[in-house]
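Peer 1: Below you'll find the structure I mean.
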Amino acid sequence: MRYYRCMDTGRRKTVSLVLGSGGARGLAHIGVIHVLEEKGYEITSIAGCSSGALVGGIYAAGKLAEYESWVRGIKKLDMFNMVDIAWQGGGLVKGDRIIAKMIKLVGDRLIEDLPIRFTAVATELQSGREVWLNEGPLFQAIRSSCSLPIFFTPVKYKETMLVDGGVVNPVPIAPVFDDHTDLTLAVNLGGKPAHSGSQKSRTSIGAAEVAYLVFDAMQSTIARQKLAAYPPDLVIDIPRDAARTFEIHRADEMIELGRKAAEATLP
């Protein structure tokens with residue numbers, strides 16, 4: 001880990017914020033952002049992957065309060081109303097209803113017009129290449145970055161198809177590595193499980209459960225490698241068993257978890 005640079009006391013401390021992927025655990029990013037603001041940091045650059053791209057892009061657009069108010073009100077059954085089944089196209093859900101709701105909350109914005117520099121990270125399906133999306137429609141970039149394989153249909157981008165950035169880079173530090181900010185802070189949603197010893201082995205497990213656990217374990221391993229290769233100044237780890245991918249109804253709990261982790265980590 002690098003030591004973050006000494007900062008002038010007469011100005012706000014600037015931050016490059018890296019928000020990792022992890023489904024509903026991404027709501028912890030909201031709590032982290034609140035603590036950064038309360039401590040006087042100025043977020044001037046954001047790179048996000050999957051749920052990190054969603055929260056980071058909405059914050060960069062200046063609409064985090066509206067999103068937080070909406071997501072805190074979501075109940076378990078509400079999620080079913082936002083599911084639009086894809087009968088073909090490489091995934092179970094199209095995701096159009098969810099994106100339409102986000103555009104209604106935030107507006108149909110272009111990344112290059114945002115007041116904060118923003119990059120969403122996705123994966124090119126055919127080559128497995130990491131793709132940085134830092135221009136064009138905000139929610140096209142977010143939808144591409146959030147395209148969880150098998151569940152969400154891939155997104156057509158120019159002449160290729162994109163899926164979830166967490167496939168290759170769950171904690172995308174590289175897009176902000178050359179920023180001239182006081183602090184690079186990464187939020188890793190694939191941290192060490194908090195209850196690893198409490199789960200009993202089962203002889204029967206569903207296919208969806210297997211896919212979820214495999215993808216989560218894969219992302220956690222890749223995240224550790226990326227953090228070792230591109231060490232930020234500070235890392236906030238959120239346990240990867242804190243919430244499952246689609247447990248959006250646990251927003252209050254996840255936001256508070258992010259707040260507590262940030263308060264324990266930030267100087």
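Each chain in the structure tokens gets a letter, A, B, ..., in the order shown, and its residues are numbered from 1; ligands are numbered from 1 in order too.
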Give me the residues within 7 Å of stretch 162-164 of chain A as a list of chain:residue names, counting only C-alpha atoms and dropping any in the same chain fewer than 4 places off.

Peer 2: A:Ser50, A:Ala122, A:Thr123, A:Glu124, A:Leu125, A:Ser144, A:Ser145, A:Cys146, A:Ser147, A:Leu148, A:Pro149, A:Pro154, A:Val155, A:Lys156, A:Tyr157

Peer 1: Selected residues, N, CA and C atoms, written as a short mmCIF file (atom, residue, chain, number, x, y, z; two decimals), in the first residue's frame, please.

Peer 2:
data_model
loop_
_atom_site.label_atom_id
_atom_site.label_comp_id
_atom_site.auth_asym_id
_atom_site.auth_seq_id
_atom_site.Cartn_x
_atom_site.Cartn_y
_atom_site.Cartn_z
N SER A 50 -19.91 -2.46 -12.45
CA SER A 50 -21.18 -3.08 -12.10
C SER A 50 -21.97 -2.19 -11.12
N ALA A 122 -16.49 -2.33 -18.38
CA ALA A 122 -17.24 -3.49 -18.86
C ALA A 122 -16.25 -4.49 -19.46
N THR A 123 -16.79 -5.60 -19.94
CA THR A 123 -15.97 -6.66 -20.54
C THR A 123 -16.49 -6.96 -21.94
N GLU A 124 -15.58 -6.98 -22.92
CA GLU A 124 -15.95 -7.38 -24.27
C GLU A 124 -16.16 -8.89 -24.29
N LEU A 125 -17.35 -9.30 -24.69
CA LEU A 125 -17.75 -10.70 -24.55
C LEU A 125 -16.85 -11.65 -25.33
N SER A 144 -24.10 -1.59 -19.44
CA SER A 144 -23.06 -2.49 -19.95
C SER A 144 -22.22 -3.04 -18.81
N SER A 145 -21.83 -2.17 -17.90
CA SER A 145 -20.98 -2.57 -16.78
C SER A 145 -21.71 -3.51 -15.82
N CYS A 146 -23.05 -3.42 -15.77
CA CYS A 146 -23.85 -4.23 -14.84
C CYS A 146 -24.40 -5.51 -15.47
N SER A 147 -23.99 -5.82 -16.68
CA SER A 147 -24.60 -6.93 -17.42
C SER A 147 -24.11 -8.27 -16.92
N LEU A 148 -24.59 -8.68 -15.77
CA LEU A 148 -24.19 -9.93 -15.14
C LEU A 148 -24.46 -11.10 -16.07
N PRO A 149 -23.42 -11.87 -16.44
CA PRO A 149 -23.60 -12.96 -17.40
C PRO A 149 -24.70 -13.94 -16.99
N PRO A 154 -26.44 -9.34 -22.74
CA PRO A 154 -25.32 -8.47 -23.09
C PRO A 154 -25.80 -7.20 -23.78
N VAL A 155 -24.95 -6.18 -23.78
CA VAL A 155 -25.29 -4.89 -24.38
C VAL A 155 -24.47 -4.70 -25.65
N LYS A 156 -25.13 -4.34 -26.74
CA LYS A 156 -24.40 -4.05 -27.98
C LYS A 156 -23.77 -2.68 -27.88
N TYR A 157 -22.47 -2.61 -28.12
CA TYR A 157 -21.73 -1.35 -28.06
C TYR A 157 -20.85 -1.27 -29.29
#

Peer 1: Residues near stretch 99-101 of chain A, anyone? I mean within 12 Å using only C-alpha atoms, not counting same-chain ones fewer than 6 positions away, as a PyMOL selection string.

Peer 2: chain A and resi 54+58+66-67+70-71+81-84+93+107-108+137-144+146-147

Peer 1: Among the residues of stretch 36-145 of chain A, find those DSSP assigns to alpha helix (DSSP H) from the backbone and print them as a PyMOL selection string.

Peer 2: chain A and resi 36-38+51-60+64-72+78-81+96-106+138-145

Peer 1: Assign secondary structure with DSSP using the backbone only, and return the residues of stretch 12-48 of chain A in strand (DSSP E or B) as a list in words.

Peer 2: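 Going through stretch 12-48 of chain A, the strand (DSSP E or B) residues come out as Lys13, Thr14, Val15, Ser16, Leu17, Val18, Leu19, Tyr41, Glu42, Ile43, Thr44, Ser45, Ile46, Ala47 and Gly48 of chain A.
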
Peer 1: Considering only C-alpha atoms, return as a ChimeraX atom specification whatever protein or nucleic-acid residues lie within 9 Å of stretch 221-235 of chain A, sequence-local ones (same chain, fewer than 3 positions apart) excluded.

Peer 2: /A:1-5,20,166-174,177,183-191,216-218,265-266

Peer 1: Can you write just those residues out, N, CA, C and O atoms, as a CSV table (one decimal), in the first residue's frame?

Peer 2:
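result.csv, freshly written:
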chain,number,residue,atom,x,y,z
A,1,MET,N,0.8,-1.2,0.0
A,1,MET,CA,0.0,0.0,0.0
A,1,MET,C,0.9,1.2,0.0
A,1,MET,O,1.8,1.4,0.8
A,2,ARG,N,0.5,2.2,-0.9
A,2,ARG,CA,1.3,3.4,-0.9
A,2,ARG,C,0.7,4.4,0.2
A,2,ARG,O,-0.4,4.3,0.6
A,3,TYR,N,1.6,5.3,0.7
A,3,TYR,CA,1.2,6.3,1.6
A,3,TYR,C,0.6,7.4,0.8
A,3,TYR,O,1.2,7.9,-0.2
A,4,TYR,N,-0.6,7.9,1.2
A,4,TYR,CA,-1.2,9.0,0.5
A,4,TYR,C,-0.4,10.3,0.8
A,4,TYR,O,0.2,10.5,1.8
A,5,ARG,N,-0.5,11.2,-0.2
A,5,ARG,CA,0.3,12.4,-0.2
A,5,ARG,C,-0.1,13.3,1.0
A,5,ARG,O,-1.2,13.4,1.3
A,20,GLY,N,-16.1,-0.9,-6.5
A,20,GLY,CA,-16.1,-2.2,-7.0
A,20,GLY,C,-17.4,-2.8,-7.2
A,20,GLY,O,-18.5,-2.3,-6.8
A,166,GLY,N,-17.1,-6.9,-13.9
A,166,GLY,CA,-16.5,-7.7,-12.8
A,166,GLY,C,-15.9,-9.0,-13.3
A,166,GLY,O,-15.2,-9.7,-12.6
A,167,VAL,N,-16.2,-9.4,-14.6
A,167,VAL,CA,-15.6,-10.6,-15.1
A,167,VAL,C,-14.1,-10.5,-15.2
A,167,VAL,O,-13.4,-11.5,-15.0
A,168,VAL,N,-13.6,-9.3,-15.5
A,168,VAL,CA,-12.2,-9.2,-15.6
A,168,VAL,C,-11.5,-8.2,-14.6
A,168,VAL,O,-10.3,-8.2,-14.4
A,169,ASN,N,-12.3,-7.3,-14.1
A,169,ASN,CA,-11.8,-6.3,-13.2
A,169,ASN,C,-12.8,-5.7,-12.2
A,169,ASN,O,-13.4,-4.7,-12.4
A,170,PRO,N,-13.0,-6.5,-11.1
A,170,PRO,CA,-14.1,-6.1,-10.1
A,170,PRO,C,-13.7,-4.8,-9.4
A,170,PRO,O,-14.6,-4.2,-8.8
A,171,VAL,N,-12.5,-4.4,-9.3
A,171,VAL,CA,-12.1,-3.2,-8.6
A,171,VAL,C,-11.2,-2.4,-9.5
A,171,VAL,O,-10.0,-2.5,-9.5
A,172,PRO,N,-11.8,-1.6,-10.4
A,172,PRO,CA,-11.0,-1.0,-11.5
A,172,PRO,C,-10.2,0.3,-11.2
A,172,PRO,O,-10.6,1.4,-11.4
A,173,ILE,N,-9.0,0.0,-10.6
A,173,ILE,CA,-8.1,1.1,-10.2
A,173,ILE,C,-7.4,1.8,-11.4
A,173,ILE,O,-7.2,3.0,-11.4
A,174,ALA,N,-7.1,1.0,-12.4
A,174,ALA,CA,-6.3,1.5,-13.5
A,174,ALA,C,-6.8,2.8,-14.2
A,174,ALA,O,-6.0,3.7,-14.5
A,177,PHE,N,-5.4,5.7,-12.2
A,177,PHE,CA,-4.1,5.6,-11.7
A,177,PHE,C,-3.2,6.8,-12.0
A,177,PHE,O,-2.3,7.1,-11.2
A,183,LEU,N,-5.6,11.5,-2.8
A,183,LEU,CA,-5.9,10.2,-2.3
A,183,LEU,C,-6.6,9.3,-3.3
A,183,LEU,O,-7.6,9.7,-4.0
A,184,THR,N,-6.2,8.1,-3.5
A,184,THR,CA,-6.9,7.1,-4.3
A,184,THR,C,-7.5,6.1,-3.3
A,184,THR,O,-6.8,5.4,-2.6
A,185,LEU,N,-8.8,6.0,-3.3
A,185,LEU,CA,-9.5,5.1,-2.4
A,185,LEU,C,-10.3,4.1,-3.1
A,185,LEU,O,-11.1,4.4,-4.0
A,186,ALA,N,-10.1,2.8,-2.8
A,186,ALA,CA,-10.8,1.7,-3.5
A,186,ALA,C,-11.8,1.1,-2.5
A,186,ALA,O,-11.4,0.8,-1.3
A,187,VAL,N,-13.0,0.8,-2.9
A,187,VAL,CA,-14.0,0.0,-2.1
A,187,VAL,C,-14.1,-1.3,-2.7
A,187,VAL,O,-14.7,-1.5,-3.8
A,188,ASN,N,-13.7,-2.3,-2.0
A,188,ASN,CA,-13.7,-3.7,-2.5
A,188,ASN,C,-14.9,-4.5,-1.9
A,188,ASN,O,-14.9,-4.7,-0.7
A,189,LEU,N,-15.8,-4.9,-2.7
A,189,LEU,CA,-17.0,-5.6,-2.2
A,189,LEU,C,-16.8,-7.1,-2.1
A,189,LEU,O,-17.7,-7.8,-1.8
A,190,GLY,N,-15.5,-7.5,-2.4
A,190,GLY,CA,-15.2,-9.0,-2.3
A,190,GLY,C,-14.3,-9.3,-1.2
A,190,GLY,O,-13.4,-10.2,-1.3
A,191,GLY,N,-14.5,-8.6,0.0
A,191,GLY,CA,-13.6,-8.8,1.1
A,191,GLY,C,-13.9,-10.2,1.8
A,191,GLY,O,-14.8,-10.9,1.4
A,216,ASP,N,-19.0,-15.0,-7.5
A,216,ASP,CA,-18.6,-14.2,-6.3
A,216,ASP,C,-17.2,-14.6,-5.9
A,216,ASP,O,-16.3,-13.7,-5.7
A,217,ALA,N,-16.9,-15.9,-5.9
A,217,ALA,CA,-15.5,-16.3,-5.5
A,217,ALA,C,-14.5,-15.9,-6.6
A,217,ALA,O,-13.4,-15.5,-6.3
A,218,MET,N,-14.9,-16.0,-7.9
A,218,MET,CA,-14.0,-15.6,-9.0
A,218,MET,C,-13.7,-14.1,-8.9
A,218,MET,O,-12.5,-13.7,-9.0
A,265,THR,N,-11.8,3.3,8.5
A,265,THR,CA,-10.7,3.3,7.5
A,265,THR,C,-10.1,4.6,7.3
A,265,THR,O,-8.9,4.8,7.2
A,266,LEU,N,-11.0,5.6,7.1
A,266,LEU,CA,-10.5,6.9,6.6
A,266,LEU,C,-9.8,7.7,7.7
A,266,LEU,O,-10.3,7.7,8.9

Peer 1: At a cut-off of 12 Å, using only C-alpha atoms, what residues contact A:Ile255? Leave out same-chain residues fewer than 4 positions from it and give the result as an mmCIF file with all heavy atoms, in the first residue's frame.

Peer 2:
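Output (selection.cif):
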data_model
loop_
_atom_site.group_PDB
_atom_site.id
_atom_site.type_symbol
_atom_site.label_atom_id
_atom_site.label_comp_id
_atom_site.auth_asym_id
_atom_site.auth_seq_id
_atom_site.Cartn_x
_atom_site.Cartn_y
_atom_site.Cartn_z
ATOM 1 N N ALA A 24 -25.946 -6.165 -4.672
ATOM 2 C CA ALA A 24 -26.565 -5.340 -3.633
ATOM 3 C C ALA A 24 -25.561 -4.792 -2.634
ATOM 4 O O ALA A 24 -25.819 -3.773 -1.989
ATOM 5 C CB ALA A 24 -27.644 -6.135 -2.906
ATOM 6 N N ARG A 25 -24.406 -5.431 -2.494
ATOM 7 C CA ARG A 25 -23.376 -4.892 -1.604
ATOM 8 C C ARG A 25 -22.897 -3.530 -2.078
ATOM 9 O O ARG A 25 -22.326 -2.768 -1.307
ATOM 10 C CB ARG A 25 -22.201 -5.872 -1.502
ATOM 11 C CG ARG A 25 -22.565 -7.208 -0.904
ATOM 12 C CD ARG A 25 -21.345 -8.053 -0.582
ATOM 13 N NE ARG A 25 -20.505 -8.337 -1.725
ATOM 14 C CZ ARG A 25 -20.735 -9.319 -2.607
ATOM 15 N NH1 ARG A 25 -21.808 -10.094 -2.473
ATOM 16 N NH2 ARG A 25 -19.900 -9.539 -3.613
ATOM 17 N N GLY A 26 -23.130 -3.232 -3.355
ATOM 18 C CA GLY A 26 -22.755 -1.930 -3.890
ATOM 19 C C GLY A 26 -23.460 -0.767 -3.218
ATOM 20 O O GLY A 26 -23.001 0.376 -3.306
ATOM 21 N N LEU A 27 -24.550 -1.044 -2.527
ATOM 22 C CA LEU A 27 -25.226 0.021 -1.784
ATOM 23 C C LEU A 27 -24.345 0.539 -0.647
ATOM 24 O O LEU A 27 -24.538 1.660 -0.178
ATOM 25 C CB LEU A 27 -26.556 -0.485 -1.246
ATOM 26 C CG LEU A 27 -27.587 -0.831 -2.332
ATOM 27 C CD1 LEU A 27 -28.739 -1.637 -1.748
ATOM 28 C CD2 LEU A 27 -28.104 0.436 -2.993
ATOM 29 N N ALA A 28 -23.367 -0.251 -0.238
ATOM 30 C CA ALA A 28 -22.407 0.217 0.767
ATOM 31 C C ALA A 28 -21.607 1.409 0.252
ATOM 32 O O ALA A 28 -21.119 2.232 1.041
ATOM 33 C CB ALA A 28 -21.456 -0.914 1.158
ATOM 34 N N HIS A 29 -21.472 1.523 -1.065
ATOM 35 C CA HIS A 29 -20.759 2.668 -1.646
ATOM 36 C C HIS A 29 -21.408 3.993 -1.228
ATOM 37 O O HIS A 29 -20.718 5.002 -1.072
ATOM 38 C CB HIS A 29 -20.758 2.575 -3.172
ATOM 39 C CG HIS A 29 -19.984 1.413 -3.729
ATOM 40 N ND1 HIS A 29 -18.778 1.002 -3.220
ATOM 41 C CD2 HIS A 29 -20.252 0.582 -4.775
ATOM 42 C CE1 HIS A 29 -18.327 -0.029 -3.926
ATOM 43 N NE2 HIS A 29 -19.207 -0.306 -4.861
ATOM 44 N N ILE A 30 -22.723 3.975 -1.064
ATOM 45 C CA ILE A 30 -23.430 5.201 -0.672
ATOM 46 C C ILE A 30 -22.958 5.658 0.697
ATOM 47 O O ILE A 30 -22.679 6.844 0.911
ATOM 48 C CB ILE A 30 -24.952 4.973 -0.679
ATOM 49 C CG1 ILE A 30 -25.431 4.620 -2.093
ATOM 50 C CG2 ILE A 30 -25.684 6.213 -0.160
ATOM 51 C CD1 ILE A 30 -26.904 4.244 -2.164
ATOM 52 N N GLY A 31 -22.856 4.735 1.634
ATOM 53 C CA GLY A 31 -22.370 5.078 2.966
ATOM 54 C C GLY A 31 -20.948 5.596 2.943
ATOM 55 O O GLY A 31 -20.602 6.541 3.666
ATOM 56 N N VAL A 32 -20.096 4.990 2.100
ATOM 57 C CA VAL A 32 -18.715 5.457 1.971
ATOM 58 C C VAL A 32 -18.680 6.889 1.460
ATOM 59 O O VAL A 32 -17.941 7.739 1.982
ATOM 60 C CB VAL A 32 -17.920 4.527 1.035
ATOM 61 C CG1 VAL A 32 -16.540 5.112 0.735
ATOM 62 C CG2 VAL A 32 -17.780 3.137 1.643
ATOM 63 N N ILE A 33 -19.468 7.180 0.446
ATOM 64 C CA ILE A 33 -19.504 8.529 -0.125
ATOM 65 C C ILE A 33 -19.958 9.552 0.915
ATOM 66 O O ILE A 33 -19.399 10.652 1.018
ATOM 67 C CB ILE A 33 -20.410 8.557 -1.366
ATOM 68 C CG1 ILE A 33 -19.740 7.798 -2.517
ATOM 69 C CG2 ILE A 33 -20.716 9.993 -1.794
ATOM 70 C CD1 ILE A 33 -20.635 7.577 -3.723
ATOM 71 N N HIS A 34 -20.959 9.193 1.710
ATOM 72 C CA HIS A 34 -21.421 10.112 2.752
ATOM 73 C C HIS A 34 -20.299 10.462 3.729
ATOM 74 O O HIS A 34 -20.116 11.626 4.103
ATOM 75 C CB HIS A 34 -22.602 9.502 3.513
ATOM 76 C CG HIS A 34 -23.884 9.504 2.756
ATOM 77 N ND1 HIS A 34 -24.213 10.478 1.851
ATOM 78 C CD2 HIS A 34 -24.940 8.636 2.776
ATOM 79 C CE1 HIS A 34 -25.404 10.234 1.338
ATOM 80 N NE2 HIS A 34 -25.864 9.112 1.879
ATOM 81 N N VAL A 35 -19.539 9.472 4.146
ATOM 82 C CA VAL A 35 -18.458 9.714 5.091
ATOM 83 C C VAL A 35 -17.363 10.572 4.461
ATOM 84 O O VAL A 35 -16.817 11.482 5.103
ATOM 85 C CB VAL A 35 -17.880 8.387 5.617
ATOM 86 C CG1 VAL A 35 -16.646 8.631 6.477
ATOM 87 C CG2 VAL A 35 -18.942 7.641 6.426
ATOM 88 N N VAL A 55 -23.759 3.282 -8.749
ATOM 89 C CA VAL A 55 -23.716 4.285 -7.678
ATOM 90 C C VAL A 55 -22.784 5.429 -8.059
ATOM 91 O O VAL A 55 -23.115 6.611 -7.868
ATOM 92 C CB VAL A 55 -23.267 3.640 -6.354
ATOM 93 C CG1 VAL A 55 -23.044 4.704 -5.281
ATOM 94 C CG2 VAL A 55 -24.302 2.631 -5.884
ATOM 95 N N GLU A 68 -30.812 7.278 -3.467
ATOM 96 C CA GLU A 68 -30.820 6.693 -2.131
ATOM 97 C C GLU A 68 -32.228 6.664 -1.546
ATOM 98 O O GLU A 68 -32.639 5.662 -0.940
ATOM 99 C CB GLU A 68 -29.891 7.475 -1.210
ATOM 100 C CG GLU A 68 -29.845 6.915 0.200
ATOM 101 C CD GLU A 68 -28.895 7.688 1.119
ATOM 102 O OE1 GLU A 68 -28.176 8.572 0.634
ATOM 103 O OE2 GLU A 68 -28.893 7.386 2.326
ATOM 104 N N SER A 69 -32.964 7.744 -1.718
ATOM 105 C CA SER A 69 -34.334 7.793 -1.211
ATOM 106 C C SER A 69 -35.193 6.707 -1.849
ATOM 107 O O SER A 69 -35.977 6.023 -1.163
ATOM 108 C CB SER A 69 -34.939 9.171 -1.492
ATOM 109 O OG SER A 69 -36.288 9.227 -1.078
ATOM 110 N N VAL A 71 -34.105 3.811 -3.351
ATOM 111 C CA VAL A 71 -33.657 2.454 -3.072
ATOM 112 C C VAL A 71 -33.937 2.050 -1.624
ATOM 113 O O VAL A 71 -34.184 0.876 -1.323
ATOM 114 C CB VAL A 71 -32.158 2.281 -3.415
ATOM 115 C CG1 VAL A 71 -31.253 2.846 -2.338
ATOM 116 C CG2 VAL A 71 -31.821 0.822 -3.680
ATOM 117 N N ARG A 72 -33.939 3.004 -0.709
ATOM 118 C CA ARG A 72 -34.268 2.695 0.682
ATOM 119 C C ARG A 72 -35.732 2.259 0.825
ATOM 120 O O ARG A 72 -36.090 1.594 1.790
ATOM 121 C CB ARG A 72 -33.997 3.906 1.580
ATOM 122 C CG ARG A 72 -32.528 4.127 1.925
ATOM 123 C CD ARG A 72 -32.390 5.286 2.886
ATOM 124 N NE ARG A 72 -31.012 5.606 3.245
ATOM 125 C CZ ARG A 72 -30.340 5.048 4.256
ATOM 126 N NH1 ARG A 72 -30.934 4.135 5.004
ATOM 127 N NH2 ARG A 72 -29.107 5.407 4.524
ATOM 128 N N ILE A 238 -15.477 -4.677 2.073
ATOM 129 C CA ILE A 238 -16.813 -5.095 2.496
ATOM 130 C C ILE A 238 -16.882 -6.618 2.355
ATOM 131 O O ILE A 238 -16.552 -7.156 1.293
ATOM 132 C CB ILE A 238 -17.903 -4.443 1.621
ATOM 133 C CG1 ILE A 238 -17.800 -2.911 1.671
ATOM 134 C CG2 ILE A 238 -19.288 -4.909 2.052
ATOM 135 C CD1 ILE A 238 -18.022 -2.305 3.035
ATOM 136 N N ALA A 242 -21.824 -10.244 2.859
ATOM 137 C CA ALA A 242 -22.681 -9.258 3.535
ATOM 138 C C ALA A 242 -24.088 -9.249 2.951
ATOM 139 O O ALA A 242 -25.068 -9.012 3.672
ATOM 140 C CB ALA A 242 -22.059 -7.867 3.427
ATOM 141 N N ALA A 243 -24.209 -9.479 1.645
ATOM 142 C CA ALA A 243 -25.515 -9.531 0.991
ATOM 143 C C ALA A 243 -25.368 -10.270 -0.324
ATOM 144 O O ALA A 243 -24.304 -10.256 -0.949
ATOM 145 C CB ALA A 243 -26.067 -8.121 0.750
ATOM 146 N N ILE A 248 -31.532 -6.116 -2.892
ATOM 147 C CA ILE A 248 -31.603 -4.652 -2.891
ATOM 148 C C ILE A 248 -32.464 -4.139 -1.734
ATOM 149 O O ILE A 248 -32.292 -3.023 -1.256
ATOM 150 C CB ILE A 248 -32.163 -4.139 -4.231
ATOM 151 C CG1 ILE A 248 -31.392 -4.761 -5.408
ATOM 152 C CG2 ILE A 248 -32.106 -2.628 -4.312
ATOM 153 C CD1 ILE A 248 -29.934 -4.384 -5.445
ATOM 154 N N HIS A 249 -33.401 -4.968 -1.274
ATOM 155 C CA HIS A 249 -34.297 -4.562 -0.195
ATOM 156 C C HIS A 249 -33.545 -4.355 1.125
ATOM 157 O O HIS A 249 -34.112 -3.826 2.083
ATOM 158 C CB HIS A 249 -35.395 -5.606 0.007
ATOM 159 C CG HIS A 249 -34.875 -6.970 0.340
ATOM 160 N ND1 HIS A 249 -34.342 -7.824 -0.616
ATOM 161 C CD2 HIS A 249 -34.778 -7.637 1.520
ATOM 162 C CE1 HIS A 249 -33.957 -8.940 -0.032
ATOM 163 N NE2 HIS A 249 -34.207 -8.855 1.261
ATOM 164 N N ARG A 250 -32.263 -4.725 1.178
ATOM 165 C CA ARG A 250 -31.457 -4.526 2.386
ATOM 166 C C ARG A 250 -30.642 -3.240 2.307
ATOM 167 O O ARG A 250 -29.565 -3.137 2.885
ATOM 168 C CB ARG A 250 -30.548 -5.740 2.589
ATOM 169 C CG ARG A 250 -31.305 -7.041 2.844
ATOM 170 C CD ARG A 250 -30.376 -8.237 2.911
ATOM 171 N NE ARG A 250 -29.394 -8.090 3.993
ATOM 172 C CZ ARG A 250 -28.355 -8.910 4.157
ATOM 173 N NH1 ARG A 250 -28.158 -9.907 3.315
ATOM 174 N NH2 ARG A 250 -27.514 -8.715 5.152
ATOM 175 N N ALA A 251 -31.166 -2.252 1.615
ATOM 176 C CA ALA A 251 -30.432 -1.000 1.374
ATOM 177 C C ALA A 251 -30.000 -0.322 2.667
ATOM 178 O O ALA A 251 -28.840 0.103 2.800
ATOM 179 C CB ALA A 251 -31.285 -0.049 0.529
ATOM 180 N N ARG A 259 -20.935 2.947 5.648
ATOM 181 C CA ARG A 259 -20.588 4.074 6.518
ATOM 182 C C ARG A 259 -19.625 3.653 7.632
ATOM 183 O O ARG A 259 -18.609 4.312 7.866
ATOM 184 C CB ARG A 259 -21.864 4.675 7.114
ATOM 185 C CG ARG A 259 -21.629 5.721 8.204
ATOM 186 C CD ARG A 259 -22.907 6.301 8.721
ATOM 187 N NE ARG A 259 -23.476 7.220 7.765
ATOM 188 C CZ ARG A 259 -23.077 8.476 7.621
ATOM 189 N NH1 ARG A 259 -22.096 8.959 8.385
ATOM 190 N NH2 ARG A 259 -23.643 9.267 6.745
ATOM 191 N N LYS A 260 -19.927 2.554 8.294
ATOM 192 C CA LYS A 260 -19.081 2.091 9.393
ATOM 193 C C LYS A 260 -17.691 1.694 8.900
ATOM 194 O O LYS A 260 -16.680 1.988 9.551
ATOM 195 C CB LYS A 260 -19.744 0.912 10.101
ATOM 196 C CG LYS A 260 -20.958 1.306 10.925
ATOM 197 C CD LYS A 260 -21.581 0.088 11.601
ATOM 198 C CE LYS A 260 -22.763 0.494 12.467
ATOM 199 N NZ LYS A 260 -23.411 -0.682 13.111
ATOM 200 N N ALA A 261 -17.637 1.031 7.737
ATOM 201 C CA ALA A 261 -16.335 0.629 7.191
ATOM 202 C C ALA A 261 -15.508 1.844 6.811
ATOM 203 O O ALA A 261 -14.291 1.860 7.034
ATOM 204 C CB ALA A 261 -16.554 -0.271 5.958
ATOM 205 N N ALA A 262 -16.140 2.870 6.259
ATOM 206 C CA ALA A 262 -15.408 4.087 5.896
ATOM 207 C C ALA A 262 -14.912 4.824 7.125
ATOM 208 O O ALA A 262 -13.769 5.311 7.150
ATOM 209 C CB ALA A 262 -16.300 4.983 5.059
#

Peer 1: Could you please determine the separation between atom CA of A:Thr181 and atom CA of A:Ile46 in Å, to one decimal place?

Peer 2: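 That distance, rounded to one decimal, is 11.5 Å.
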
Peer 1: Leaving out A:Asp179 and any residue of its chain fewer than 3 positions from it, which residues lie within 10 Å of it when counting only C-alpha atoms, given as an NGL selection string?

Peer 2: :A and (15-16 or 44-45 or 174-176 or 182-184)

Peer 1: In Å to one decimal, how far is atom CA of A:Ala61 from atom CA of A:Leu114?

Peer 2: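 Here the two named atoms are 5.6 Å from each other.
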
Peer 1: If you measure from atom CA of A:Asp113 to atom CA of A:Gly136, what distance in Å do you get, rounded to one decimal?

Peer 2: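 Answer for the atom CA of A:Asp113 to atom CA of A:Gly136 separation: 9.2 Å.
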
Peer 1: For a quick check of understanding, using only C-alpha atoms, which of A:Ala194, A:Ile43, A:Val131, A:Ala120 has the smallest distance to A:Ser21?

Peer 2: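 Nearest candidate to A:Ser21 out of A:Ala194, A:Ile43, A:Val131, A:Ala120: A:Ala120.
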